[in-house]
>>> print(open('data_17.cif').read())   # mmCIF, N, CA and C atoms
data_input
#
loop_
_atom_site.label_atom_id
_atom_site.label_comp_id
_atom_site.auth_asym_id
_atom_site.auth_seq_id
_atom_site.Cartn_x
_atom_site.Cartn_y
_atom_site.Cartn_z
N MET A 1 -28.28 59.14 -3.45
CA MET A 1 -28.68 60.37 -2.77
C MET A 1 -27.44 61.17 -2.39
N ILE A 2 -27.50 62.46 -2.55
CA ILE A 2 -26.42 63.36 -2.15
C ILE A 2 -26.66 63.73 -0.69
N ASN A 3 -25.76 63.34 0.21
CA ASN A 3 -25.99 63.60 1.63
C ASN A 3 -25.51 65.01 2.02
N TYR A 4 -25.77 65.37 3.26
CA TYR A 4 -25.45 66.70 3.77
C TYR A 4 -23.96 67.02 3.61
N LYS A 5 -23.10 66.08 4.00
CA LYS A 5 -21.66 66.29 3.90
C LYS A 5 -21.25 66.56 2.46
N ASP A 6 -21.82 65.82 1.52
CA ASP A 6 -21.50 66.03 0.10
C ASP A 6 -21.88 67.43 -0.35
N ILE A 7 -23.02 67.92 0.10
CA ILE A 7 -23.47 69.27 -0.27
C ILE A 7 -22.50 70.32 0.26
N VAL A 8 -22.13 70.20 1.54
CA VAL A 8 -21.18 71.15 2.14
C VAL A 8 -19.84 71.07 1.43
N ASP A 9 -19.38 69.85 1.13
CA ASP A 9 -18.11 69.68 0.42
C ASP A 9 -18.14 70.33 -0.96
N LEU A 10 -19.28 70.26 -1.64
CA LEU A 10 -19.40 70.90 -2.95
C LEU A 10 -19.28 72.42 -2.85
N PHE A 11 -19.91 73.00 -1.84
CA PHE A 11 -19.77 74.45 -1.65
C PHE A 11 -18.34 74.81 -1.30
N GLU A 12 -17.68 74.00 -0.50
CA GLU A 12 -16.28 74.27 -0.16
C GLU A 12 -15.41 74.21 -1.42
N THR A 13 -15.66 73.25 -2.28
CA THR A 13 -14.92 73.15 -3.54
C THR A 13 -15.17 74.37 -4.42
N ALA A 14 -16.43 74.80 -4.50
CA ALA A 14 -16.76 75.97 -5.31
C ALA A 14 -16.04 77.21 -4.79
N VAL A 15 -15.97 77.38 -3.47
CA VAL A 15 -15.28 78.53 -2.88
C VAL A 15 -13.78 78.42 -3.10
N THR A 16 -13.23 77.23 -2.91
CA THR A 16 -11.79 77.02 -3.10
C THR A 16 -11.37 77.31 -4.54
N ASP A 17 -12.22 76.95 -5.50
CA ASP A 17 -11.92 77.16 -6.91
C ASP A 17 -12.09 78.62 -7.35
N HIS A 18 -12.75 79.43 -6.52
CA HIS A 18 -13.04 80.82 -6.89
C HIS A 18 -11.82 81.70 -6.58
N SER A 19 -11.42 82.54 -7.52
CA SER A 19 -10.21 83.36 -7.33
C SER A 19 -10.41 84.52 -6.35
N TYR A 20 -11.65 84.99 -6.17
CA TYR A 20 -11.91 86.13 -5.28
C TYR A 20 -12.04 85.67 -3.82
N LEU A 21 -12.73 84.57 -3.60
CA LEU A 21 -13.01 84.11 -2.23
C LEU A 21 -11.80 83.39 -1.65
N LYS A 22 -11.51 83.67 -0.37
CA LYS A 22 -10.30 83.15 0.28
C LYS A 22 -10.58 82.15 1.39
N TYR A 23 -11.84 82.01 1.81
CA TYR A 23 -12.11 81.22 3.02
C TYR A 23 -13.54 80.68 2.97
N PHE A 24 -13.72 79.46 3.48
CA PHE A 24 -15.05 78.85 3.57
C PHE A 24 -15.22 78.25 4.95
N ARG A 25 -16.42 78.40 5.46
CA ARG A 25 -16.79 77.79 6.73
C ARG A 25 -18.27 77.49 6.69
N HIS A 26 -18.72 76.55 7.50
CA HIS A 26 -20.15 76.27 7.60
C HIS A 26 -20.50 75.97 9.05
N GLY A 27 -21.77 76.07 9.37
CA GLY A 27 -22.23 75.75 10.72
C GLY A 27 -23.22 76.79 11.22
N THR A 28 -23.24 76.96 12.54
CA THR A 28 -24.16 77.92 13.16
C THR A 28 -23.62 79.33 12.97
N ILE A 29 -24.52 80.29 13.07
CA ILE A 29 -24.20 81.68 12.76
C ILE A 29 -23.07 82.24 13.63
N ASP A 30 -22.94 81.76 14.87
CA ASP A 30 -21.87 82.26 15.73
C ASP A 30 -20.49 81.85 15.23
N ASN A 31 -20.41 80.89 14.32
CA ASN A 31 -19.12 80.50 13.74
C ASN A 31 -18.56 81.56 12.80
N ILE A 32 -19.38 82.49 12.36
CA ILE A 32 -18.84 83.59 11.54
C ILE A 32 -17.89 84.43 12.39
N ASP A 33 -18.26 84.69 13.64
CA ASP A 33 -17.41 85.47 14.52
C ASP A 33 -16.16 84.70 14.95
N VAL A 34 -16.18 83.39 14.90
CA VAL A 34 -15.00 82.59 15.21
C VAL A 34 -13.90 82.87 14.19
N ALA A 35 -14.33 83.22 13.00
CA ALA A 35 -13.39 83.45 11.91
C ALA A 35 -12.87 84.88 11.90
N VAL A 36 -12.66 85.47 13.06
CA VAL A 36 -12.24 86.87 13.16
C VAL A 36 -10.95 87.13 12.38
N ASN A 37 -10.00 86.24 12.47
CA ASN A 37 -8.72 86.44 11.78
C ASN A 37 -8.63 85.67 10.47
N ALA A 38 -9.75 85.20 9.98
CA ALA A 38 -9.76 84.43 8.73
C ALA A 38 -9.50 85.36 7.55
N PRO A 39 -8.92 84.82 6.48
CA PRO A 39 -8.72 85.63 5.29
C PRO A 39 -10.06 86.03 4.67
N LEU A 40 -10.11 87.23 4.16
CA LEU A 40 -11.33 87.74 3.54
C LEU A 40 -11.05 88.02 2.08
N PRO A 41 -12.06 87.96 1.25
CA PRO A 41 -13.49 87.70 1.48
C PRO A 41 -13.76 86.21 1.74
N MET A 42 -14.92 85.94 2.35
CA MET A 42 -15.25 84.60 2.78
C MET A 42 -16.68 84.22 2.37
N ALA A 43 -16.92 82.92 2.37
CA ALA A 43 -18.27 82.39 2.17
C ALA A 43 -18.59 81.53 3.38
N PHE A 44 -19.83 81.60 3.83
CA PHE A 44 -20.27 80.86 5.01
C PHE A 44 -21.62 80.23 4.71
N LEU A 45 -21.74 78.93 4.94
CA LEU A 45 -22.96 78.19 4.67
C LEU A 45 -23.61 77.80 5.99
N ARG A 46 -24.83 78.27 6.21
CA ARG A 46 -25.56 78.00 7.45
C ARG A 46 -26.80 77.16 7.14
N PRO A 47 -26.90 75.95 7.72
CA PRO A 47 -28.11 75.15 7.49
C PRO A 47 -29.29 75.74 8.27
N LEU A 48 -30.45 75.77 7.63
CA LEU A 48 -31.65 76.30 8.28
C LEU A 48 -32.68 75.23 8.59
N GLN A 49 -33.11 74.52 7.56
CA GLN A 49 -34.15 73.52 7.78
C GLN A 49 -34.18 72.52 6.64
N GLY A 50 -34.87 71.44 6.89
CA GLY A 50 -35.12 70.45 5.86
C GLY A 50 -36.62 70.21 5.76
N ILE A 51 -37.13 70.17 4.56
CA ILE A 51 -38.56 69.90 4.35
C ILE A 51 -38.85 68.42 4.60
N GLY A 52 -37.85 67.58 4.37
CA GLY A 52 -38.05 66.15 4.51
C GLY A 52 -38.27 65.52 3.15
N LEU A 53 -38.97 64.42 3.16
CA LEU A 53 -39.20 63.70 1.91
C LEU A 53 -40.50 64.14 1.28
N VAL A 54 -40.44 64.33 -0.02
CA VAL A 54 -41.62 64.70 -0.81
C VAL A 54 -41.69 63.72 -1.97
N THR A 55 -42.84 63.10 -2.14
CA THR A 55 -43.02 62.19 -3.26
C THR A 55 -43.85 62.89 -4.31
N GLY A 56 -43.31 62.96 -5.51
CA GLY A 56 -44.01 63.61 -6.62
C GLY A 56 -43.95 62.74 -7.85
N THR A 57 -44.26 63.34 -8.98
CA THR A 57 -44.29 62.59 -10.23
C THR A 57 -42.91 62.09 -10.64
N SER A 58 -41.85 62.77 -10.19
CA SER A 58 -40.49 62.35 -10.54
C SER A 58 -39.86 61.46 -9.48
N GLY A 59 -40.63 61.01 -8.52
CA GLY A 59 -40.11 60.15 -7.46
C GLY A 59 -39.95 60.90 -6.15
N ARG A 60 -39.13 60.34 -5.26
CA ARG A 60 -38.90 60.95 -3.95
C ARG A 60 -37.83 62.03 -4.05
N ASN A 61 -38.08 63.15 -3.37
CA ASN A 61 -37.12 64.24 -3.30
C ASN A 61 -36.92 64.64 -1.85
N ARG A 62 -35.77 65.23 -1.59
CA ARG A 62 -35.44 65.79 -0.28
C ARG A 62 -35.04 67.24 -0.50
N GLU A 63 -35.49 68.11 0.39
CA GLU A 63 -35.19 69.54 0.26
C GLU A 63 -34.55 70.06 1.53
N LEU A 64 -33.40 70.74 1.37
CA LEU A 64 -32.71 71.39 2.48
C LEU A 64 -32.61 72.88 2.18
N THR A 65 -32.73 73.69 3.22
CA THR A 65 -32.64 75.14 3.07
C THR A 65 -31.42 75.65 3.85
N PHE A 66 -30.67 76.54 3.21
CA PHE A 66 -29.46 77.12 3.80
C PHE A 66 -29.49 78.63 3.63
N GLU A 67 -28.66 79.30 4.43
CA GLU A 67 -28.27 80.68 4.15
C GLU A 67 -26.83 80.63 3.68
N LEU A 68 -26.56 81.30 2.58
CA LEU A 68 -25.20 81.38 2.06
C LEU A 68 -24.75 82.83 2.15
N TYR A 69 -23.78 83.09 3.00
CA TYR A 69 -23.21 84.43 3.18
C TYR A 69 -21.95 84.55 2.34
N VAL A 70 -21.81 85.67 1.65
CA VAL A 70 -20.55 86.03 1.01
C VAL A 70 -20.20 87.41 1.55
N LEU A 71 -19.07 87.49 2.29
CA LEU A 71 -18.76 88.67 3.07
C LEU A 71 -17.33 89.13 2.88
N ASP A 72 -17.14 90.44 3.03
CA ASP A 72 -15.81 91.04 2.99
C ASP A 72 -15.82 92.22 3.95
N GLN A 73 -14.67 92.77 4.21
CA GLN A 73 -14.57 93.90 5.13
C GLN A 73 -14.21 95.16 4.35
N PRO A 74 -15.16 96.09 4.21
CA PRO A 74 -14.85 97.31 3.47
C PRO A 74 -13.93 98.23 4.26
N LYS A 75 -13.26 99.08 3.52
CA LYS A 75 -12.45 100.11 4.16
C LYS A 75 -13.39 101.21 4.67
N ILE A 76 -12.90 102.37 4.88
CA ILE A 76 -13.70 103.44 5.48
C ILE A 76 -14.59 104.16 4.48
N SER A 77 -14.19 104.27 3.24
CA SER A 77 -14.92 105.10 2.28
C SER A 77 -16.23 104.46 1.82
N ASP A 78 -17.20 105.30 1.48
CA ASP A 78 -18.47 104.83 0.93
C ASP A 78 -18.26 104.10 -0.39
N GLU A 79 -17.31 104.59 -1.17
CA GLU A 79 -17.02 103.97 -2.47
C GLU A 79 -16.60 102.52 -2.27
N ASP A 80 -15.75 102.25 -1.29
CA ASP A 80 -15.30 100.89 -1.04
C ASP A 80 -16.47 100.01 -0.59
N GLY A 81 -17.40 100.57 0.17
CA GLY A 81 -18.59 99.82 0.58
C GLY A 81 -19.40 99.37 -0.62
N ARG A 82 -19.53 100.23 -1.61
CA ARG A 82 -20.25 99.87 -2.84
C ARG A 82 -19.50 98.80 -3.62
N VAL A 83 -18.18 98.90 -3.64
CA VAL A 83 -17.36 97.91 -4.35
C VAL A 83 -17.49 96.55 -3.67
N VAL A 84 -17.46 96.52 -2.34
CA VAL A 84 -17.60 95.26 -1.61
C VAL A 84 -18.96 94.63 -1.89
N LEU A 85 -20.03 95.42 -1.87
CA LEU A 85 -21.36 94.86 -2.17
C LEU A 85 -21.42 94.34 -3.60
N SER A 86 -20.81 95.04 -4.52
CA SER A 86 -20.80 94.60 -5.91
C SER A 86 -20.00 93.31 -6.07
N ASN A 87 -18.80 93.26 -5.50
CA ASN A 87 -17.95 92.08 -5.63
C ASN A 87 -18.54 90.85 -4.96
N THR A 88 -19.10 91.03 -3.77
CA THR A 88 -19.66 89.88 -3.05
C THR A 88 -20.93 89.37 -3.72
N GLU A 89 -21.71 90.26 -4.30
CA GLU A 89 -22.90 89.81 -5.05
C GLU A 89 -22.46 88.98 -6.25
N GLN A 90 -21.47 89.45 -6.98
CA GLN A 90 -20.98 88.70 -8.14
C GLN A 90 -20.44 87.34 -7.73
N ALA A 91 -19.69 87.29 -6.62
CA ALA A 91 -19.14 86.02 -6.15
C ALA A 91 -20.25 85.04 -5.77
N LEU A 92 -21.33 85.57 -5.20
CA LEU A 92 -22.47 84.72 -4.86
C LEU A 92 -23.07 84.08 -6.11
N TYR A 93 -23.25 84.88 -7.14
CA TYR A 93 -23.77 84.33 -8.40
C TYR A 93 -22.77 83.35 -9.04
N ASP A 94 -21.48 83.63 -8.89
CA ASP A 94 -20.46 82.72 -9.40
C ASP A 94 -20.56 81.35 -8.74
N LEU A 95 -20.82 81.34 -7.43
CA LEU A 95 -20.95 80.06 -6.73
C LEU A 95 -22.13 79.26 -7.28
N PHE A 96 -23.22 79.95 -7.61
CA PHE A 96 -24.36 79.25 -8.20
C PHE A 96 -24.01 78.71 -9.58
N SER A 97 -23.21 79.44 -10.33
CA SER A 97 -22.85 78.97 -11.66
C SER A 97 -21.99 77.71 -11.59
N PHE A 98 -21.29 77.49 -10.49
CA PHE A 98 -20.54 76.26 -10.29
C PHE A 98 -21.47 75.05 -10.41
N PHE A 99 -22.68 75.18 -9.87
CA PHE A 99 -23.63 74.07 -9.90
C PHE A 99 -24.38 73.98 -11.23
N TYR A 100 -24.62 75.13 -11.85
CA TYR A 100 -25.39 75.15 -13.11
C TYR A 100 -24.52 74.87 -14.34
N ASP A 101 -23.34 75.46 -14.40
CA ASP A 101 -22.54 75.42 -15.62
C ASP A 101 -21.15 74.82 -15.44
N GLY A 102 -20.73 74.59 -14.22
CA GLY A 102 -19.37 74.17 -13.97
C GLY A 102 -19.13 72.69 -14.22
N SER A 103 -17.98 72.24 -13.76
CA SER A 103 -17.59 70.85 -13.98
C SER A 103 -18.46 69.88 -13.18
N TYR A 104 -19.10 70.40 -12.11
CA TYR A 104 -19.99 69.56 -11.33
C TYR A 104 -21.43 69.82 -11.75
N GLN A 105 -22.03 68.85 -12.34
CA GLN A 105 -23.45 68.92 -12.67
C GLN A 105 -24.04 67.55 -12.36
N GLN A 106 -24.97 67.52 -11.44
CA GLN A 106 -25.57 66.27 -11.01
C GLN A 106 -27.05 66.51 -10.79
N SER A 107 -27.76 65.46 -10.50
CA SER A 107 -29.20 65.60 -10.32
C SER A 107 -29.48 66.29 -8.98
N MET A 108 -29.25 67.58 -8.97
CA MET A 108 -29.47 68.41 -7.80
C MET A 108 -29.97 69.76 -8.29
N ASP A 109 -31.03 70.23 -7.70
CA ASP A 109 -31.57 71.53 -8.08
C ASP A 109 -31.25 72.52 -6.97
N ILE A 110 -30.66 73.66 -7.33
CA ILE A 110 -30.34 74.70 -6.35
C ILE A 110 -31.09 75.96 -6.76
N GLN A 111 -31.81 76.55 -5.80
CA GLN A 111 -32.63 77.73 -6.08
C GLN A 111 -32.35 78.80 -5.05
N MET A 112 -32.27 80.05 -5.52
CA MET A 112 -32.08 81.19 -4.64
C MET A 112 -33.43 81.85 -4.41
N ASP A 113 -33.89 81.87 -3.16
CA ASP A 113 -35.20 82.46 -2.86
C ASP A 113 -35.11 83.94 -2.52
N THR A 114 -34.12 84.33 -1.73
CA THR A 114 -33.96 85.74 -1.36
C THR A 114 -32.49 86.11 -1.38
N LEU A 115 -32.23 87.39 -1.54
CA LEU A 115 -30.88 87.94 -1.51
C LEU A 115 -30.96 89.24 -0.71
N ILE A 116 -30.26 89.29 0.42
CA ILE A 116 -30.37 90.43 1.34
C ILE A 116 -28.98 90.99 1.60
N PRO A 117 -28.81 92.33 1.51
CA PRO A 117 -27.50 92.91 1.82
C PRO A 117 -27.20 92.83 3.32
N VAL A 118 -25.93 92.68 3.63
CA VAL A 118 -25.45 92.64 5.01
C VAL A 118 -24.44 93.77 5.13
N ASN A 119 -24.67 94.67 6.09
CA ASN A 119 -23.77 95.82 6.25
C ASN A 119 -23.28 95.91 7.68
N GLU A 120 -21.96 95.94 7.84
CA GLU A 120 -21.29 96.11 9.13
C GLU A 120 -21.83 95.13 10.17
N ALA A 121 -21.83 93.86 9.81
CA ALA A 121 -22.37 92.83 10.68
C ALA A 121 -21.26 92.05 11.36
N PHE A 122 -21.59 91.44 12.46
CA PHE A 122 -20.71 90.56 13.21
C PHE A 122 -19.56 91.36 13.82
N GLN A 123 -18.68 90.68 14.53
CA GLN A 123 -17.57 91.37 15.21
C GLN A 123 -16.61 92.03 14.22
N ASN A 124 -16.53 91.47 13.02
CA ASN A 124 -15.59 91.99 12.02
C ASN A 124 -16.13 93.20 11.26
N ARG A 125 -17.39 93.56 11.49
CA ARG A 125 -18.05 94.62 10.74
C ARG A 125 -18.00 94.33 9.24
N LEU A 126 -18.47 93.13 8.90
CA LEU A 126 -18.43 92.64 7.52
C LEU A 126 -19.61 93.15 6.72
N SER A 127 -19.43 93.21 5.42
CA SER A 127 -20.49 93.57 4.49
C SER A 127 -20.52 92.54 3.38
N GLY A 128 -21.67 92.47 2.73
CA GLY A 128 -21.83 91.53 1.62
C GLY A 128 -23.29 91.18 1.44
N TRP A 129 -23.55 89.91 1.16
CA TRP A 129 -24.90 89.45 0.87
C TRP A 129 -25.15 88.11 1.53
N VAL A 130 -26.41 87.86 1.87
CA VAL A 130 -26.84 86.55 2.32
C VAL A 130 -27.99 86.11 1.43
N ALA A 131 -27.87 84.91 0.90
CA ALA A 131 -28.91 84.34 0.04
C ALA A 131 -29.55 83.17 0.77
N THR A 132 -30.85 83.09 0.73
CA THR A 132 -31.55 81.91 1.21
C THR A 132 -31.70 80.98 0.02
N ILE A 133 -31.16 79.80 0.16
CA ILE A 133 -31.16 78.86 -0.95
C ILE A 133 -31.81 77.55 -0.57
N ARG A 134 -32.40 76.93 -1.55
CA ARG A 134 -32.99 75.59 -1.38
C ARG A 134 -32.25 74.63 -2.28
N ILE A 135 -31.94 73.47 -1.73
CA ILE A 135 -31.29 72.42 -2.50
C ILE A 135 -32.21 71.21 -2.49
N ILE A 136 -32.60 70.82 -3.67
CA ILE A 136 -33.52 69.70 -3.83
C ILE A 136 -32.76 68.57 -4.51
N THR A 137 -32.74 67.43 -3.86
CA THR A 137 -32.03 66.27 -4.39
C THR A 137 -32.97 65.07 -4.43
N SER A 138 -32.59 64.12 -5.21
CA SER A 138 -33.33 62.86 -5.25
C SER A 138 -33.13 62.14 -3.92
N ALA A 139 -34.18 61.53 -3.43
CA ALA A 139 -34.11 60.76 -2.19
C ALA A 139 -34.35 59.28 -2.46
N GLN A 140 -34.05 58.86 -3.67
CA GLN A 140 -34.32 57.48 -4.04
C GLN A 140 -33.48 56.49 -3.26
N GLY A 141 -32.35 56.91 -2.72
CA GLY A 141 -31.53 56.03 -1.90
C GLY A 141 -32.11 55.78 -0.52
N ILE A 142 -33.13 56.56 -0.14
CA ILE A 142 -33.79 56.36 1.14
C ILE A 142 -34.87 55.32 0.94
N SER A 143 -34.60 54.14 1.39
CA SER A 143 -35.50 53.03 1.13
C SER A 143 -35.41 52.00 2.26
N TYR A 144 -36.49 51.34 2.52
CA TYR A 144 -36.51 50.27 3.51
C TYR A 144 -35.48 49.20 3.18
N CYS A 145 -35.27 48.99 1.89
CA CYS A 145 -34.33 47.97 1.44
C CYS A 145 -32.89 48.29 1.81
N ASN A 146 -32.56 49.56 2.08
CA ASN A 146 -31.21 49.97 2.39
C ASN A 146 -30.92 50.04 3.88
N ILE A 147 -31.88 49.70 4.71
CA ILE A 147 -31.68 49.75 6.17
C ILE A 147 -30.78 48.57 6.57
N PRO A 148 -29.70 48.83 7.33
CA PRO A 148 -28.81 47.72 7.71
C PRO A 148 -29.47 46.77 8.70
#
>>> encode(input="data_17.cif", output="C-alpha coordinates")
Amino acid sequence: MINYKDIVDLFETAVTDHSYLKYFRHGTIDNIDVAVNAPLPMAFLRPLQGIGLVTGTSGRNRELTFELYVLDQPKISDEDGRVVLSNTEQALYDLFSFFYDGSYQQSMDIQMDTLIPVNEAFQNRLSGWVATIRIITSAQGISYCNIP
(Lines of atoms letter the chains of each structure in order from A and count residues from 1; the text may use other names and numbers.)
(Lines give C-alpha, C1' and ligand atoms only; values in the text may rest on other atoms or scores of the structure.)
Protein backbone atom coordinates (compact mmCIF):
# COMPACT_ATOMS: atom_id res chain seq x y z
CA MET A 1 0.00 0.00 0.00
CA ILE A 2 1.20 3.52 -0.79
CA ASN A 3 0.81 5.51 2.44
CA TYR A 4 0.05 9.22 2.88
CA LYS A 5 3.71 10.19 3.35
CA ASP A 6 4.67 8.37 0.15
CA ILE A 7 2.00 10.26 -1.81
CA VAL A 8 3.18 13.65 -0.48
CA ASP A 9 6.80 12.69 -1.16
CA LEU A 10 5.92 11.81 -4.76
CA PHE A 11 4.34 15.23 -5.31
CA GLU A 12 7.39 16.88 -3.77
CA THR A 13 9.63 14.92 -6.15
CA ALA A 14 7.47 15.90 -9.13
CA VAL A 15 7.70 19.59 -8.14
CA THR A 16 11.45 19.40 -7.46
CA ASP A 17 12.02 17.81 -10.88
CA HIS A 18 9.97 20.51 -12.65
CA SER A 19 12.03 23.38 -14.12
CA TYR A 20 9.27 26.03 -13.70
CA LEU A 21 8.20 25.29 -10.12
CA LYS A 22 10.52 26.49 -7.34
CA TYR A 23 8.81 25.47 -4.09
CA PHE A 24 6.58 22.75 -2.61
CA ARG A 25 4.62 22.66 0.60
CA HIS A 26 1.69 20.65 1.93
CA GLY A 27 -0.73 20.89 4.83
CA THR A 28 -3.61 23.12 5.87
CA ILE A 29 -4.60 26.09 3.72
CA ASP A 30 -3.14 28.64 6.16
CA ASN A 31 0.32 27.21 5.37
CA ILE A 32 0.17 28.93 1.98
CA ASP A 33 0.43 32.27 3.77
CA VAL A 34 3.35 30.96 5.85
CA ALA A 35 5.28 30.78 2.61
CA VAL A 36 5.18 34.57 2.14
CA ASN A 37 8.88 34.78 1.28
CA ALA A 38 9.04 31.42 -0.49
CA PRO A 39 10.36 31.27 -4.05
CA LEU A 40 7.67 31.40 -6.70
CA PRO A 41 6.05 29.76 -8.58
CA MET A 42 4.97 27.15 -6.05
CA ALA A 43 2.85 24.04 -5.66
CA PHE A 44 0.83 23.33 -2.52
CA LEU A 45 -0.91 20.05 -1.67
CA ARG A 46 -3.84 20.24 0.74
CA PRO A 47 -5.48 17.03 2.02
CA LEU A 48 -9.28 17.17 2.02
CA GLN A 49 -10.79 13.79 2.79
CA GLY A 50 -10.49 10.06 2.52
CA ILE A 51 -13.29 7.80 1.30
CA GLY A 52 -11.82 4.90 3.24
CA LEU A 53 -11.73 1.33 2.07
CA VAL A 54 -13.75 0.19 -0.90
CA THR A 55 -13.91 -3.44 -1.92
CA GLY A 56 -14.58 -4.05 -5.59
CA THR A 57 -13.86 -6.57 -8.29
CA SER A 58 -10.16 -5.64 -8.29
CA GLY A 59 -9.80 -6.01 -4.52
CA ARG A 60 -9.56 -3.42 -1.77
CA ASN A 61 -8.90 0.21 -2.67
CA ARG A 62 -8.33 3.38 -0.69
CA GLU A 63 -9.22 6.83 -1.98
CA LEU A 64 -7.82 10.17 -0.80
CA THR A 65 -8.89 13.60 -2.06
CA PHE A 66 -6.57 16.62 -2.22
CA GLU A 67 -6.49 20.14 -3.55
CA LEU A 68 -3.38 20.84 -5.58
CA TYR A 69 -2.56 24.54 -5.95
CA VAL A 70 -0.06 25.82 -8.51
CA LEU A 71 0.50 29.52 -7.87
CA ASP A 72 2.65 32.44 -8.94
CA GLN A 73 2.63 36.18 -8.36
CA PRO A 74 1.76 38.22 -11.46
CA LYS A 75 3.12 41.66 -12.07
CA ILE A 76 0.78 44.60 -12.54
CA SER A 77 -0.20 44.20 -16.20
CA ASP A 78 -3.21 42.21 -17.41
CA GLU A 79 -0.95 40.49 -19.93
CA ASP A 80 1.23 39.10 -17.13
CA GLY A 81 -1.89 37.82 -15.35
CA ARG A 82 -2.81 35.82 -18.45
CA VAL A 83 0.74 34.48 -18.72
CA VAL A 84 0.71 33.38 -15.06
CA LEU A 85 -2.61 31.56 -15.54
CA SER A 86 -1.29 29.89 -18.67
CA ASN A 87 2.03 28.85 -17.11
CA THR A 88 0.52 27.57 -13.87
CA GLU A 89 -2.13 25.57 -15.73
CA GLN A 90 0.58 23.93 -17.84
CA ALA A 91 2.66 23.16 -14.73
CA LEU A 92 -0.38 21.53 -13.13
CA TYR A 93 -0.80 19.23 -16.12
CA ASP A 94 2.94 18.54 -16.09
CA LEU A 95 2.69 17.31 -12.50
CA PHE A 96 -0.02 14.87 -13.55
CA SER A 97 2.16 13.63 -16.40
CA PHE A 98 4.81 12.73 -13.80
CA PHE A 99 2.41 10.03 -12.55
CA TYR A 100 1.08 8.96 -15.97
CA ASP A 101 4.18 9.04 -18.17
CA GLY A 102 7.19 9.76 -15.99
CA SER A 103 9.77 7.56 -14.35
CA TYR A 104 7.35 6.84 -11.51
CA GLN A 105 4.52 4.58 -12.54
CA GLN A 106 2.92 2.38 -9.91
CA SER A 107 -0.45 0.92 -9.14
CA MET A 108 -1.96 4.28 -8.28
CA ASP A 109 -4.73 6.07 -10.10
CA ILE A 110 -4.77 9.88 -10.03
CA GLN A 111 -7.81 11.77 -11.33
CA MET A 112 -8.51 15.49 -11.68
CA ASP A 113 -12.14 16.28 -10.85
CA THR A 114 -12.16 20.09 -11.05
CA LEU A 115 -9.83 22.89 -12.08
CA ILE A 116 -10.58 26.39 -10.74
CA PRO A 117 -8.65 29.62 -11.37
CA VAL A 118 -7.26 31.47 -8.35
CA ASN A 119 -6.78 35.22 -8.69
CA GLU A 120 -5.08 37.54 -6.18
CA ALA A 121 -5.51 35.12 -3.32
CA PHE A 122 -3.82 34.87 0.06
CA GLN A 123 -1.47 37.45 1.57
CA ASN A 124 0.85 37.25 -1.44
CA ARG A 125 -1.94 38.07 -3.93
CA LEU A 126 -1.13 34.89 -5.83
CA SER A 127 -2.74 33.66 -9.03
CA GLY A 128 -2.89 30.26 -10.64
CA TRP A 129 -5.07 27.18 -10.45
CA VAL A 130 -6.39 24.74 -7.88
CA ALA A 131 -7.30 21.21 -8.92
CA THR A 132 -9.35 18.81 -6.86
CA ILE A 133 -7.72 15.45 -7.30
CA ARG A 134 -8.48 11.91 -6.20
CA ILE A 135 -5.79 9.34 -5.60
CA ILE A 136 -6.90 5.74 -5.58
CA THR A 137 -4.45 3.12 -4.38
CA SER A 138 -4.57 -0.53 -3.57
CA ALA A 139 -5.33 -1.22 0.09
CA GLN A 140 -4.28 -4.84 0.01
CA GLY A 141 -1.67 -4.20 2.70
CA ILE A 142 -4.48 -3.34 5.11
CA SER A 143 -5.19 -6.71 6.61
CA TYR A 144 -5.85 -8.31 9.97
CA CYS A 145 -2.76 -10.42 9.34
CA ASN A 146 -0.55 -7.30 9.36
CA ILE A 147 -1.67 -5.99 12.77
CA PRO A 148 1.30 -6.07 15.21
>>> resolve_selection(input="data_17.cif", expression="the PyMOL selection byres ((chain A and resi 25) around 6.5)", output="PyMOL selection string")
chain A and resi 23-24+26-27+43-45
>>> atom_distance(input="data_17.cif", atom1="atom N of Val130 of chain A", atom2="atom CA of Glu67 of chain A")
7.8 Å
>>> residues_around(input="data_17.cif", residues="segment 68-76 of chain A", least_positions_apart="5", cutoff="8 Å", atoms="all atoms listed in the file", output="MDAnalysis selection string")
chainID A and resid 39:47 81:85 87:89 91:92 118 120 124:133
>>> atom_distance(input="data_17.cif", atom1="atom CA of Thr16 of chain A", atom2="atom CA of Tyr93 of chain A")
15.0 Å
>>> resolve_selection(input="data_17.cif", expression="the PyMOL selection byres (((chain A and resi 5-8 and name CA) around 12) and name CA)", output="ChimeraX atom specification")
/A:1-4,9-15,24-27,43-47,63-66,68,99,104,106,108-110,134-137
>>> atom_distance(input="data_17.cif", atom1="atom CA of Asp94 of chain A", atom2="atom CA of Arg60 of chain A")
29.0 Å
>>> select_by_dssp(input="data_17.cif", residues="segment 1-136 of chain A", states="alpha helix (DSSP H)", output="VMD selection string")
chain A and resid 4 to 17 31 to 34 78 to 100
>>> closest_residue(input="data_17.cif", among="A:Leu95, A:Leu115, A:Leu48, A:Ile32", to="His18 of chain A", atoms="only N, CA and C atoms")
A:Leu95
